[in-house]
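For reference, the structure is listed below as structure tokens.
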Amino acid sequence: MKSKIIQVAGLALTIAYAALIVWIYAVEPRTFKEVATSAELAAGTYQVNQEKFNSALDLFRREQFRAARDEWQRADPARGDARTQFYIAYSFYREGWGRVYYDQQLLKQGLEAVNQAIALASASPLTVDDPNLRMHTAAELKAELEQGTERSWSDVNPLKVLRTRK
Amino acid sequence: MTATDRSRNRALVDFVVLPMFFLTVALLGGLRVGAENRAFIFVAPPLVTLLLAVLLVLLLVRGRLIRFHQWVGTELPPLTNVAHIWMLLTLFFASAQAFNSVLPEGGLLHWLFSFFFLWTLWNNQFSSFDPRRLLRSLAILFGTAFVLKHMLLASLYSTEGGWLRRVAGTLLQGVSLGTLDAPTFAPATGYISFFTLTLYVAGLILLAFAGKDETDSVVHQVVEEYRQLPASDRLAVRDAILDDQPAPKIEVKNDPRIPTK
């Protein structure tokens with residue numbers, strides 16, 4: 001009887017261990033800290049560092065976009081928070097936006113971040129209620145970023161300079 | 001030690017310790033540590049390591065280190081069969097990852113090492129092995145590969161070290177037109193690989209003792225010793241066994257002097 005208990009316990013324990021190994025190889029964490037963060041993400045207990053998030057928001061409002069992005073990346077190292085990813089994408093948009101010229105590289109990075117935000121908030125459309133922003137949904141931001149990366153005849157329209165940054 | 005204790009210890013080794021050992025080998029076999037940033041790099045087992053693992057498991061069966069007839073069979077309870085099959089699965093993946101641990105990650109050296117492993121394992125399929133000799137042979141095989149990859153090659157490709165070492169590494173790369181290029185890892189990778197291989201060999205040693213009855217070991221020892229004898233001696237042993245037949249029964253005929261009941 002005891003032997004049967006050992007068999008069942010052994011099977012359960014080793015199957016759980018095997019699942020953990022498969023998960024580690026799938027996630028490929030680079031440090032022990034990333035292992036912990038990924039585990040939190042998988043368990044649904046992951047939270048961004050609110051202090052760093054607020055400090056990044058402050059930098060963003062002062063138009064220091066690169067510094068803001070750095071801070072947001074530190075606040076959300078696992079890229080697991082939709083709201084933070086939305087703000088990162090927004091900072092790429094604002095930095096890449098120009099009256100006569102769009103920085104394609106930055107807009108592409110912004111598109112990547114907004115796609116990540118949409119993927120993370122797949123259950124419901126992502127909306128950010130920030131009065132300082134002119135676009136509040138990830139869909140709007142994505143459309144704006146996509147427009148910026150596309151080439152068309154409207155690019156040579158001189159009236160383009162009258163457009164405003166959102 | 002009572003028979004119950006023995007049975008419990010055996011169950012503990014078979015169903016907990018051995019799968020844990022082999023799964024740890026499966027985890028660490030593909031782990032490398034980056035030279036620059038000391039970050040973990042997980043290398044999934046290349047396809048060739050699965051082929052090598054199949055050959056190795058076949059060899060373990062031929063060398064009687066894995067005893068299918070004792071571990072999986074219709075006369076065993078289903079749970080025991082499932083637990084043993086699971087243990088064999090973990091052994092398979094541990095074998096693949098043990099090869100992954102000692103194979104260079106890319107380039108010509110990867111294929112050279114793979115070829116030598118394949119050649120050795122294929123040749124061994126046709127040799128007669130007993131568990132002890134097989135264990136010794138595998139320990140030497142993995143030990144040699146470890147020394148070549150983690151000591152010799154790692155030292156040649158290391159960015160640190162003296163000028164002579166760097167010149168030798170550069171010459172080797174130049175002569176081979178870059179086909180011998182290999183990524184460099186932190187020294188911790190070698191330590192991880194050493195621990196992995198030690199754990200794997202320790203698992204195989206435990207496996208050799210798992211599910212082995214005392215009577216079984218005596219019988220196998222005698223059979224093994226018999227197999228190592230020259231042909232003439234084997235014949236003599238067989239004759240001796242045949243001579244040792246039970247004496248024929250003596251029929252006692254009814255004797256009129258002995259009164260019957």
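Every chain in the structure tokens has a letter given in the order shown (A, B, ...), and although residue numbers restart at 1 in each chain, ligands are simply numbered from 1 in the order shown.
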Give me the residues of chain B that have any atom at most 10 Å from an atom of chain A; for each, the nearest atom pair and the distance in Å, rounded to one decimal. Use only C-alpha atoms, sort by chain and number, and format it as CSV.
```
residue,atom,partner,partner_atom,distance
B:Thr4,CA,A:Ser3,CA,9.1
B:Asp5,CA,A:Ser3,CA,9.9
B:Ser7,CA,A:Ser3,CA,7.3
B:Arg8,CA,A:Ser3,CA,5.6
B:Asn9,CA,A:Ser3,CA,8.9
B:Arg10,CA,A:Ser3,CA,8.9
B:Ala11,CA,A:Ser3,CA,6.0
B:Leu12,CA,A:Ile6,CA,6.4
B:Val13,CA,A:Gly10,CA,9.6
B:Asp14,CA,A:Gln7,CA,8.6
B:Phe15,CA,A:Gly10,CA,5.2
B:Val16,CA,A:Gly10,CA,4.6
B:Val17,CA,A:Gly10,CA,8.4
B:Leu18,CA,A:Thr14,CA,9.7
B:Pro19,CA,A:Thr14,CA,6.5
B:Met20,CA,A:Thr14,CA,6.3
B:Phe21,CA,A:Thr14,CA,9.9
B:Phe22,CA,A:Thr14,CA,9.9
B:Leu23,CA,A:Ala18,CA,6.5
B:Thr24,CA,A:Ile21,CA,8.6
B:Ala26,CA,A:Ile21,CA,7.9
B:Leu27,CA,A:Ile21,CA,5.9
B:Leu28,CA,A:Ile21,CA,9.4
B:Gly30,CA,A:Tyr25,CA,8.9
B:Leu31,CA,A:Tyr25,CA,9.4
B:Val33,CA,A:Arg30,CA,9.0
B:Gly34,CA,A:Arg30,CA,9.3
B:Asn37,CA,A:Arg30,CA,9.6
B:Arg38,CA,A:Thr31,CA,8.4
B:Ala39,CA,A:Arg30,CA,4.9
B:Phe40,CA,A:Arg30,CA,4.4
B:Ile41,CA,A:Arg30,CA,6.6
B:Phe42,CA,A:Glu28,CA,6.1
B:Val43,CA,A:Tyr25,CA,8.1
B:Ala44,CA,A:Tyr25,CA,7.3
B:Leu79,CA,A:Gln7,CA,7.6
B:Thr80,CA,A:Gln7,CA,7.2
B:Val82,CA,A:Leu11,CA,8.8
B:Ala83,CA,A:Leu11,CA,6.4
B:His84,CA,A:Gln7,CA,9.6
B:Trp86,CA,A:Leu11,CA,7.9
B:Met87,CA,A:Leu11,CA,9.0
B:Thr90,CA,A:Ala18,CA,8.7
```
Next item on the list: With a distance cut-off of 6 Å and only C-alpha atoms, select the neighbouring residues of segment 187-202 of chain B, excluding the residue or stretch itself and same-chain residues fewer than 4 positions from it, and output the selection as a list in words.
Entry: Val25, Arg32, Val33, Ser101 and His150 of chain B
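The protein and nucleic acid residues lying at most 9 Å from Leu141 of chain B are B:Phe117, B:Thr120, B:Arg136, B:Phe146, with only C-alpha atoms considered and sequence neighbours fewer than 5 positions away removed.
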Generate a file of the selected residues that holds C-alpha atoms, formatted as a PDB file, in the first residue's frame.
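Final file, out-v1.pdb:
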```pdb
ATOM      1  CA  PHE B 117      29.089   9.427 -31.007  1.00  0.00           C
ATOM      2  CA  THR B 120      30.722   4.485 -31.160  1.00  0.00           C
ATOM      3  CA  ARG B 136      32.268   2.087 -17.472  1.00  0.00           C
ATOM      4  CA  PHE B 146      33.384  16.656 -21.755  1.00  0.00           C
TER       5      PHE B 146
END
```
Checklist line | Secondary structure check, alpha helix (DSSP H) residues of segment 52-81 of chain A, as a list in words | finding: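 So the alpha helix (DSSP H) residues in segment 52-81 of chain A would be Lys52, Phe53, Asn54, Ser55, Ala56, Leu57, Asp58, Leu59, Phe60, Arg61, Phe65, Arg66, Ala67, Ala68, Arg69, Asp70, Glu71, Trp72, Gln73, Arg74 and Ala75 of chain A.
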Note to self: Report, in Å with one decimal, the straight-line distance from atom CA of Leu103 of chain B to atom CA of Arg133 of chain B.
What the structure shows: 23.6 Å
Name the residues in contact with Arg94 of chain A at a cut-off of 8 Å, using only C-alpha atoms, excluding same-chain residues fewer than 4 positions from it; report them as an mmCIF file with C-alpha atoms, in the first residue's frame.
```
data_model
loop_
_atom_site.group_PDB
_atom_site.id
_atom_site.type_symbol
_atom_site.label_atom_id
_atom_site.label_comp_id
_atom_site.auth_asym_id
_atom_site.auth_seq_id
_atom_site.Cartn_x
_atom_site.Cartn_y
_atom_site.Cartn_z
ATOM 1 C CA PHE A 65 10.245 60.059 -24.192
ATOM 2 C CA TYR A 90 2.459 56.164 -27.288
ATOM 3 C CA ARG A 165 0.207 65.503 -33.064
ATOM 4 C CA LYS A 166 -2.227 63.466 -31.038
#
```
Next item on the list: Using only C-alpha atoms, pick whichever of B:Ala240, B:Leu56, B:Val72, B:Ala208 has the shortest atom-to-atom distance to Trp119 of chain B.
Entry: B:Leu56
Check: Can you tell me, as number ranges by chain, what residues are no more than 10 Å from Leu133 of chain A when counting only C-alpha atoms, ignoring any on the same chain fewer than 3 positions away?
Finding: A: 61, 87, 90, 128-130, 136-137, 166
Check: Suppose you want the space between atom CA of Gln70 of chain B and atom CA of Ala98 of chain B; what is it in Å?
Finding: 25.7 Å
Check: Residues at most 10 Å from Arg66 of chain A, counting only C-alpha atoms, excluding those fewer than 6 positions away in the same chain, as a count of residues only?
Finding: 8
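Going from atom CA of Ala96 of chain B to atom CA of Gln125 of chain B covers 17.6 Å.
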